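J.: Enclosed is the structure file structure-v7.csv (CSV, C-alpha atoms).
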chain,number,residue,atom,x,y,z
F,1,MET,CA,24.9,12.0,8.2
F,2,GLU,CA,23.6,9.2,10.4
F,3,TYR,CA,20.0,8.5,11.2
F,4,ASP,CA,18.7,9.3,14.7
F,5,VAL,CA,16.0,7.1,16.3
F,6,VAL,CA,12.9,9.1,16.7
F,7,ALA,CA,10.6,6.4,18.0
F,8,ARG,CA,10.7,2.7,18.6
F,9,ALA,CA,7.9,0.2,19.3
F,10,THR,CA,7.6,-3.6,19.7
F,11,SER,CA,4.7,-5.8,18.6
F,12,GLU,CA,4.2,-9.5,18.4
F,13,ARG,CA,5.9,-9.3,15.0
F,14,GLY,CA,9.0,-7.6,16.2
F,15,GLU,CA,10.5,-4.1,16.3
F,16,VAL,CA,9.3,-1.0,14.4
F,17,VAL,CA,11.7,1.9,14.3
F,18,LEU,CA,11.2,5.5,13.0
F,19,CYS,CA,14.5,7.2,12.2
F,20,ARG,CA,15.3,10.7,11.0
F,21,ARG,CA,18.2,12.2,9.1
F,22,GLY,CA,17.7,15.9,8.7
F,23,VAL,CA,14.2,16.3,7.3
F,24,VAL,CA,14.1,12.7,6.0
F,25,HIS,CA,12.1,10.1,8.0
F,26,GLU,CA,12.6,6.4,7.5
F,27,LEU,CA,10.6,3.3,8.7
F,28,ARG,CA,12.3,0.0,9.5
F,29,VAL,CA,10.7,-3.2,10.7
F,30,ASN,CA,13.0,-5.8,12.3
F,31,GLY,CA,15.9,-4.0,10.7
F,32,VAL,CA,14.4,-4.1,7.2
F,33,PHE,CA,14.1,-0.9,5.3
F,34,VAL,CA,10.4,-0.3,4.5
F,35,MET,CA,10.3,3.3,3.1
F,36,ASP,CA,11.5,6.9,3.7
F,37,SER,CA,10.2,10.3,2.9
F,38,ALA,CA,13.1,11.2,0.5
F,39,GLU,CA,12.0,8.9,-2.3
F,40,THR,CA,8.2,8.6,-2.5
F,41,GLY,CA,7.9,8.1,-6.2
F,42,SER,CA,6.8,4.4,-6.0
F,43,GLU,CA,4.0,5.2,-3.5
F,44,VAL,CA,2.7,8.1,-5.6
F,45,GLU,CA,3.0,6.0,-8.8
F,46,LEU,CA,1.0,3.2,-7.2
F,47,ALA,CA,-1.9,5.6,-6.6
F,48,LYS,CA,-1.7,7.4,-9.9
F,49,ALA,CA,-1.5,4.1,-11.9
F,50,ALA,CA,-4.7,2.9,-10.2
F,51,LEU,CA,-6.5,6.2,-10.4
F,52,SER,CA,-5.7,6.5,-14.1
F,53,VAL,CA,-7.5,3.3,-15.1
F,54,VAL,CA,-10.8,3.7,-13.2
F,55,ASP,CA,-13.3,6.2,-14.4
F,56,GLU,CA,-15.1,6.6,-11.0
F,57,PRO,CA,-12.8,5.6,-8.1
F,58,ARG,CA,-15.3,6.6,-5.4
F,59,SER,CA,-14.3,4.1,-2.8
F,60,VAL,CA,-10.6,3.0,-2.3
F,61,LEU,CA,-9.0,0.4,0.0
F,62,VAL,CA,-5.3,0.8,0.8
F,63,GLY,CA,-3.4,-2.0,2.4
F,64,GLY,CA,-0.5,-0.5,4.3
F,65,LEU,CA,-0.1,3.0,5.7
F,66,GLY,CA,3.6,3.5,5.8
F,67,LEU,CA,4.4,7.2,5.8
F,68,GLY,CA,1.1,7.9,4.1
F,69,PHE,CA,2.1,9.0,0.7
F,70,THR,CA,0.0,6.5,-1.3
F,71,MET,CA,-3.0,7.4,0.7
F,72,HIS,CA,-2.3,11.1,0.3
F,73,GLU,CA,-2.0,10.8,-3.5
F,74,VAL,CA,-5.4,9.0,-3.6
F,75,LEU,CA,-7.0,11.7,-1.5
F,76,ALA,CA,-5.7,14.4,-3.9
F,77,ASP,CA,-8.1,13.0,-6.5
F,78,SER,CA,-11.5,14.8,-6.3
F,79,ARG,CA,-13.4,11.8,-7.6
F,80,VAL,CA,-12.5,9.9,-4.5
F,81,GLU,CA,-15.3,9.9,-1.9
F,82,ARG,CA,-14.0,7.4,0.7
F,83,VAL,CA,-10.6,5.9,1.5
F,84,VAL,CA,-10.0,3.1,4.0
F,85,VAL,CA,-6.4,2.4,5.0
F,86,VAL,CA,-5.5,-0.8,7.0
F,87,GLU,CA,-2.2,-0.8,8.8
F,88,LEU,CA,-0.8,-3.9,10.6
F,89,GLU,CA,1.4,-1.9,13.1
F,90,GLU,CA,-0.6,0.2,15.5
F,91,SER,CA,2.5,2.2,16.4
F,92,ILE,CA,2.7,3.6,12.9
F,93,VAL,CA,-0.9,4.7,13.0
F,94,ASP,CA,-0.2,6.3,16.4
F,95,TRP,CA,2.9,8.1,15.1
F,96,MET,CA,1.0,9.5,12.2
F,97,ARG,CA,-1.8,10.7,14.4
F,98,ASP,CA,0.3,12.4,17.2
F,99,GLY,CA,2.8,14.1,14.9
F,100,THR,CA,5.8,11.9,15.7
F,101,ILE,CA,5.7,11.6,11.9
F,102,PRO,CA,5.5,15.4,11.3
F,103,HIS,CA,3.2,15.4,8.2
F,104,GLY,CA,1.0,12.8,9.8
F,105,PRO,CA,-1.8,14.9,11.3
F,106,GLY,CA,-2.1,17.0,8.1
F,107,PHE,CA,-2.4,13.8,6.0
F,108,LEU,CA,-5.0,12.3,8.3
F,109,ALA,CA,-7.2,15.4,8.5
F,110,ASP,CA,-9.2,14.6,5.4
F,111,GLU,CA,-12.8,13.7,6.4
F,112,ARG,CA,-13.0,11.2,3.6
F,113,LEU,CA,-10.4,9.0,5.3
F,114,GLU,CA,-10.7,6.1,7.7
F,115,VAL,CA,-7.5,4.6,9.1
F,116,THR,CA,-7.7,1.3,11.0
F,117,HIS,CA,-5.2,-0.9,12.7
F,118,GLY,CA,-5.4,-4.5,11.6
F,119,ASP,CA,-4.5,-7.2,9.1
F,120,ILE,CA,-5.5,-6.5,5.5
F,121,ARG,CA,-6.5,-10.1,5.1
F,122,GLN,CA,-8.9,-10.0,7.9
F,123,ALA,CA,-10.2,-6.6,6.8
F,124,VAL,CA,-11.0,-8.0,3.3
F,125,ALA,CA,-12.6,-11.1,4.8
F,126,GLU,CA,-14.9,-8.9,6.8
F,127,THR,CA,-15.8,-6.5,3.9
F,128,ALA,CA,-19.1,-6.7,2.1
F,129,ALA,CA,-19.0,-7.8,-1.6
F,130,GLU,CA,-18.4,-5.2,-4.3
F,131,THR,CA,-17.4,-2.4,-1.9
F,132,TYR,CA,-14.3,-0.9,-3.5
F,133,ASP,CA,-13.5,0.6,-6.9
F,134,LEU,CA,-9.8,0.4,-6.2
F,135,VAL,CA,-7.7,-1.8,-3.9
F,136,LEU,CA,-4.0,-0.8,-3.5
F,137,LEU,CA,-1.6,-3.2,-1.7
F,138,ASP,CA,1.6,-1.8,-0.5
F,139,VAL,CA,2.3,-3.9,2.7
F,140,ASP,CA,5.8,-5.0,1.7
F,141,ASN,CA,8.5,-4.2,-0.8
F,142,GLY,CA,6.8,-6.9,-2.9
F,143,PRO,CA,6.4,-10.7,-2.6
F,144,GLY,CA,10.2,-11.2,-2.8
F,145,TYR,CA,10.9,-8.7,0.1
F,146,LEU,CA,8.5,-9.5,2.8
F,147,VAL,CA,8.4,-7.5,6.0
F,148,HIS,CA,6.8,-10.5,7.7
F,149,GLU,CA,6.8,-14.0,6.4
F,150,ALA,CA,3.1,-14.3,7.0
F,151,ASN,CA,2.6,-11.6,4.4
F,152,SER,CA,3.3,-14.1,1.6
F,153,LYS,CA,-0.3,-15.1,1.7
F,154,VAL,CA,-1.2,-11.5,0.6
F,155,TYR,CA,0.3,-12.3,-2.8
F,156,GLU,CA,-1.3,-15.8,-3.3
F,157,GLN,CA,-4.4,-16.7,-5.3
F,158,PRO,CA,-6.9,-17.4,-2.4
F,159,PHE,CA,-6.5,-14.0,-0.9
F,160,LEU,CA,-6.4,-12.3,-4.3
F,161,GLU,CA,-9.7,-14.0,-5.1
F,162,GLN,CA,-11.2,-12.5,-1.9
F,163,VAL,CA,-9.9,-9.1,-3.0
F,164,ALA,CA,-11.7,-9.6,-6.4
F,165,SER,CA,-14.9,-10.3,-4.5
F,166,VAL,CA,-14.8,-7.0,-2.7
F,167,THR,CA,-13.9,-5.1,-5.9
F,168,THR,CA,-16.7,-3.6,-7.9
F,169,PRO,CA,-17.1,-4.7,-11.5
F,170,GLY,CA,-14.6,-2.7,-13.6
F,171,GLY,CA,-12.7,-2.0,-10.4
F,172,VAL,CA,-8.9,-2.5,-10.2
F,173,LEU,CA,-6.4,-4.1,-7.8
F,174,VAL,CA,-2.9,-2.6,-8.0
F,175,VAL,CA,0.1,-4.2,-6.2
F,176,TRP,CA,3.6,-2.6,-6.0
F,177,SER,CA,6.7,-4.7,-6.0
F,178,ALA,CA,10.4,-3.9,-5.8
F,179,ALA,CA,11.2,-6.8,-8.2
F,180,GLU,CA,9.5,-8.6,-11.0
F,181,SER,CA,7.4,-11.6,-9.9
F,182,VAL,CA,6.0,-14.2,-12.3
F,183,ALA,CA,4.2,-15.9,-9.4
F,184,LEU,CA,2.4,-12.7,-8.5
F,185,ARG,CA,1.4,-12.0,-12.1
F,186,GLU,CA,0.0,-15.6,-12.5
F,187,ALA,CA,-1.8,-15.4,-9.1
F,188,MET,CA,-3.5,-12.1,-10.0
F,189,ALA,CA,-4.4,-13.4,-13.5
F,190,ALA,CA,-5.9,-16.5,-12.0
F,191,ALA,CA,-8.0,-14.5,-9.5
F,192,PHE,CA,-9.1,-11.7,-11.8
F,193,GLY,CA,-8.8,-13.3,-15.2
F,194,ASN,CA,-6.2,-10.7,-16.3
F,195,CYS,CA,-3.1,-8.9,-15.1
F,196,GLU,CA,-1.1,-6.1,-16.6
F,197,VAL,CA,2.5,-5.5,-15.6
F,198,ARG,CA,4.1,-2.0,-15.8
F,199,LYS,CA,7.7,-1.1,-15.2
F,200,HIS,CA,8.4,2.1,-13.2
F,201,PRO,CA,12.0,3.4,-13.3
F,202,VAL,CA,13.1,5.4,-10.3
F,203,ARG,CA,16.3,7.1,-9.1
F,204,LEU,CA,17.2,6.1,-5.6
F,205,HIS,CA,19.9,8.3,-4.2
F,206,ASP,CA,22.7,7.7,-6.6
F,207,ARG,CA,21.5,4.7,-8.5
F,208,ASP,CA,18.8,3.7,-11.0
F,209,GLU,CA,16.2,1.1,-10.0
F,210,THR,CA,13.1,-0.4,-11.6
F,211,TYR,CA,10.0,-1.0,-9.7
F,212,TRP,CA,7.0,-3.0,-10.9
F,213,LEU,CA,3.2,-2.4,-10.8
F,214,TYR,CA,0.8,-5.2,-11.2
F,215,LEU,CA,-2.8,-4.3,-12.2
F,216,ALA,CA,-5.8,-6.5,-12.4
F,217,ARG,CA,-9.3,-5.4,-13.3
F,218,ARG,CA,-12.5,-7.2,-12.2
F,219,PRO,CA,-14.4,-7.9,-15.4
F,220,VAL,CA,-17.8,-6.3,-16.1
F,221,LEU,CA,-20.2,-9.1,-16.8
F,222,GLY,CA,-23.0,-8.8,-19.3
Let's see the structure in the file written out as structure tokens.
T.:
Amino acid sequence: MEYDVVARATSERGEVVLCRRGVVHELRVNGVFVMDSAETGSEVELAKAALSVVDEPRSVLVGGLGLGFTMHEVLADSRVERVVVVELEESIVDWMRDGTIPHGPGFLADERLEVTHGDIRQAVAETAAETYDLVLLDVDNGPGYLVHEANSKVYEQPFLEQVASVTTPGGVLVVWSAAESVALREAMAAAFGNCEVRKHPVRLHDRDETYWLYLARRPVLG
């Protein structure tokens, strides 16, 4: 069964397309697969991994909305009091809000949630220090599979140091990647003083794959 185009938008970064095959929706940016609603294990695991290592994840920042499954899993945790999601493509936010993505309005109805259109790097730069107990970055398929070339800076030490500054002591940054990245591990370790790497096996359609989660915790001083 072929995918039908449900919606299409163009931004300064190129074309964003929402497709559908049966009940499955898929996002593509400039022809590059971003995610679909058939296999959401990596998005859910990203949230669960972060939530499992923080005792009080009251305030959470999510970089990348996608189809909303990471955000939705975070909101399923009753300890969470506030979630801020920053999405670069305004069209994706609009499609979630107006029901073009069918589950969107339901996912966005939680009063603890704030979804904004913008660049995660700018959003972090404008954030007050020690604001978030969790920061989850899911803006690409990892540093080796960039949706936009400019996103490479998201995985580099200067930005990760900014993320550390807006993370509360004991708080955690989690980054999802479709492939292992020594450079990302080293950059996170340099910014936070530590980095844990976790393998996450998934079954994609008819093949086995391994995804990677990179976790760094801001030390508690004193």
J.: So that I can see what lies close to stretch 70-74 of chain F, please list as a ChimeraX atom specification the residues with an atom at most 6 Å from it, counting only C-alpha atoms and leaving out residues fewer than 5 positions away in the same chain.
T.: /F:43-44,47
J.: Wanna dump the stretch 49-131 of chain F-stretch 173-178 of chain F contacts at 10 Å for me, each residue with its shortest atom pair and the distance in Å to one decimal, counting all atoms listed in the file, ordered by chain and number, as JSON lines?
T.:
{"residue": "F:Ala49", "atom": "CA", "partner": "F:Val174", "partner_atom": "CA", "distance": 7.9}
{"residue": "F:Ala50", "atom": "CA", "partner": "F:Val174", "partner_atom": "CA", "distance": 6.2}
{"residue": "F:Leu51", "atom": "CA", "partner": "F:Val174", "partner_atom": "CA", "distance": 9.8}
{"residue": "F:Val60", "atom": "CA", "partner": "F:Leu173", "partner_atom": "CA", "distance": 9.9}
{"residue": "F:Leu61", "atom": "CA", "partner": "F:Leu173", "partner_atom": "CA", "distance": 9.4}
{"residue": "F:Val62", "atom": "CA", "partner": "F:Val174", "partner_atom": "CA", "distance": 9.7}
{"residue": "F:Gly63", "atom": "CA", "partner": "F:Val175", "partner_atom": "CA", "distance": 9.5}
J.: Based on the selection just made, write C-alpha atoms of those residues as a PDB file, keeping the file's coordinate frame.
T.:
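So again26.pdb came out as:
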ATOM      1  CA  ALA F  49      -1.500   4.100 -11.900  1.00  0.00           C
ATOM      2  CA  ALA F  50      -4.700   2.900 -10.200  1.00  0.00           C
ATOM      3  CA  LEU F  51      -6.500   6.200 -10.400  1.00  0.00           C
ATOM      4  CA  VAL F  60     -10.600   3.000  -2.300  1.00  0.00           C
ATOM      5  CA  LEU F  61      -9.000   0.400   0.000  1.00  0.00           C
ATOM      6  CA  VAL F  62      -5.300   0.800   0.800  1.00  0.00           C
ATOM      7  CA  GLY F  63      -3.400  -2.000   2.400  1.00  0.00           C
TER       8      GLY F  63
END
J.: What separation in Å, quoted to one decimal, exists between atom CA of F:Glu56 and atom CA of F:Val84?
T.: 16.2 Å
J.: What lies within 8 Å of F:Thr210 using all atoms listed in the file, ignoring chain neighbours under 5 positions off, as a VMD selection string?
T.: chain F and resid 178 to 179 199 to 202
J.: Using C-alpha atoms, can you export the residues from the last selection as a tab-separated table (two decimals), in the frame of the given file?
T.:
chain	number	residue	atom	x	y	z
F	178	ALA	CA	10.40	-3.90	-5.80
F	179	ALA	CA	11.20	-6.80	-8.20
F	199	LYS	CA	7.70	-1.10	-15.20
F	200	HIS	CA	8.40	2.10	-13.20
F	201	PRO	CA	12.00	3.40	-13.30
F	202	VAL	CA	13.10	5.40	-10.30
J.: Skip F:Arg112 itself and residues of its chain fewer than 2 positions away, then list as a list in words all residues within 7 Å of it, counting only C-alpha atoms.
T.: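 So the residues in contact are Glu81, Arg82, Val83, Asp110 and Glu114 of chain F.
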J.: Would you mind telling me which residue in F:Ala7, F:Val85, F:Val163, F:Val220 lies nearest to F:Asp138 when using all atoms listed in the file?
T.: F:Val85
J.: Counting only C-alpha atoms, which of F:Ala125, F:Leu134, F:Leu184, F:Gly106 gets nearest to F:Ser52?
T.: F:Leu134
J.: Between F:Gly22, F:Gly64, F:Gly41, F:Pro219, which residue has the minimum interatomic distance to F:Gly171, considering all atoms listed in the file?
T.: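 Closest to F:Gly171, using all atoms listed in the file: F:Pro219.
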J.: Which residue, F:Arg20, F:Arg13, F:Lys153, F:Arg97, has the smallest gap to F:Arg121 when you use only C-alpha atoms?
T.: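 Closest to F:Arg121 of all the choices is F:Lys153.
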J.: Rounded to one decimal, what separation in Å do you get between atom CA of F:Ala183 and atom CA of F:Gly144?
T.: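 Separation of atom CA of F:Ala183 and atom CA of F:Gly144: 10.1 Å.
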J.: In Å to one decimal, how far is atom CA of F:Arg198 from atom CA of F:Phe33?
T.: 23.4 Å
J.: Measuring atom to atom with only C-alpha atoms, identify which of F:Val124, F:Leu146, F:Ala187, F:Leu65 is nearest to F:Phe107.
T.: F:Leu65
J.: Which of these residues is nearest to F:Thr10, using all atoms listed in the file: F:Val23, F:Val166, F:Ile92, F:Val86?
T.: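 Selected residue with least distance to F:Thr10: F:Ile92.
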J.: Using only C-alpha atoms, determine which residues lie at most 12 Å from F:Val182, disregarding the query and same-chain residues fewer than 2 positions distant; provide the list as a list in words.
T.: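 These residues fall inside the cut-off: Gly142, Pro143, Gly144, Tyr155, Glu156, Ser177, Ala179, Glu180, Leu184, Arg185, Glu186, Ala187, Met188, Ala189, Cys195, Glu196, Val197, Trp212 and Tyr214 of chain F.
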J.: Any chance you could model N, CA and C atoms for stretch 42-71 of chain F and send them as a short mmCIF file (atom, residue, chain, number, x, y, z; two decimals), in the coordinates of the input?
T.:
data_model
loop_
_atom_site.label_atom_id
_atom_site.label_comp_id
_atom_site.auth_asym_id
_atom_site.auth_seq_id
_atom_site.Cartn_x
_atom_site.Cartn_y
_atom_site.Cartn_z
N SER F 42 7.53 5.70 -5.80
CA SER F 42 6.80 4.40 -6.00
C SER F 42 5.44 4.49 -5.35
N GLU F 43 5.34 5.14 -4.17
CA GLU F 43 4.00 5.20 -3.50
C GLU F 43 3.07 6.11 -4.29
N VAL F 44 3.59 7.22 -4.81
CA VAL F 44 2.70 8.10 -5.60
C VAL F 44 2.34 7.42 -6.91
N GLU F 45 3.28 6.72 -7.53
CA GLU F 45 3.00 6.00 -8.80
C GLU F 45 1.95 4.93 -8.60
N LEU F 46 2.01 4.24 -7.48
CA LEU F 46 1.00 3.20 -7.20
C LEU F 46 -0.38 3.81 -7.22
N ALA F 47 -0.56 4.95 -6.58
CA ALA F 47 -1.90 5.60 -6.60
C ALA F 47 -2.26 6.11 -7.94
N LYS F 48 -1.34 6.79 -8.61
CA LYS F 48 -1.70 7.40 -9.90
C LYS F 48 -2.00 6.28 -10.93
N ALA F 49 -1.27 5.18 -10.90
CA ALA F 49 -1.50 4.10 -11.90
C ALA F 49 -2.94 3.55 -11.69
N ALA F 50 -3.36 3.38 -10.45
CA ALA F 50 -4.70 2.90 -10.20
C ALA F 50 -5.77 3.88 -10.57
N LEU F 51 -5.56 5.12 -10.15
CA LEU F 51 -6.50 6.20 -10.40
C LEU F 51 -6.73 6.42 -11.91
N SER F 52 -5.68 6.20 -12.69
CA SER F 52 -5.70 6.50 -14.10
C SER F 52 -6.54 5.49 -14.91
N VAL F 53 -6.80 4.32 -14.34
CA VAL F 53 -7.50 3.30 -15.10
C VAL F 53 -8.91 3.02 -14.61
N VAL F 54 -9.39 3.85 -13.68
CA VAL F 54 -10.80 3.70 -13.20
C VAL F 54 -11.48 5.04 -13.39
N ASP F 55 -12.61 4.99 -14.07
CA ASP F 55 -13.30 6.20 -14.40
C ASP F 55 -13.92 6.88 -13.11
N GLU F 56 -14.43 6.06 -12.19
CA GLU F 56 -15.10 6.60 -11.00
C GLU F 56 -14.53 5.88 -9.74
N PRO F 57 -13.34 6.25 -9.29
CA PRO F 57 -12.80 5.60 -8.10
C PRO F 57 -13.32 6.21 -6.81
N ARG F 58 -14.61 5.97 -6.58
CA ARG F 58 -15.30 6.60 -5.40
C ARG F 58 -14.80 6.04 -4.11
N SER F 59 -14.61 4.71 -4.06
CA SER F 59 -14.30 4.10 -2.80
C SER F 59 -12.96 3.29 -2.98
N VAL F 60 -11.99 3.55 -2.09
CA VAL F 60 -10.60 3.00 -2.30
C VAL F 60 -10.18 2.34 -0.96
N LEU F 61 -9.61 1.15 -1.09
CA LEU F 61 -9.00 0.40 0.00
C LEU F 61 -7.49 0.42 -0.18
N VAL F 62 -6.73 0.84 0.83
CA VAL F 62 -5.30 0.80 0.80
C VAL F 62 -4.75 -0.10 1.86
N GLY F 63 -4.02 -1.13 1.46
CA GLY F 63 -3.40 -2.00 2.40
C GLY F 63 -1.98 -1.53 2.70
N GLY F 64 -1.75 -1.02 3.92
CA GLY F 64 -0.50 -0.50 4.30
C GLY F 64 -0.46 1.02 4.36
N LEU F 65 -0.18 1.58 5.54
CA LEU F 65 -0.10 3.00 5.70
C LEU F 65 1.24 3.59 5.43
N GLY F 66 2.27 2.94 5.99
CA GLY F 66 3.60 3.50 5.80
C GLY F 66 3.69 4.89 6.32
N LEU F 67 4.30 5.75 5.52
CA LEU F 67 4.40 7.20 5.80
C LEU F 67 3.24 7.96 5.19
N GLY F 68 2.29 7.26 4.58
CA GLY F 68 1.10 7.90 4.10
C GLY F 68 1.03 8.48 2.75
N PHE F 69 2.07 8.29 1.95
CA PHE F 69 2.10 9.00 0.70
C PHE F 69 1.21 8.39 -0.39
N THR F 70 1.01 7.08 -0.39
CA THR F 70 0.00 6.50 -1.30
C THR F 70 -1.36 7.00 -0.99
N MET F 71 -1.73 6.93 0.26
CA MET F 71 -3.00 7.40 0.70
C MET F 71 -3.22 8.90 0.37
#
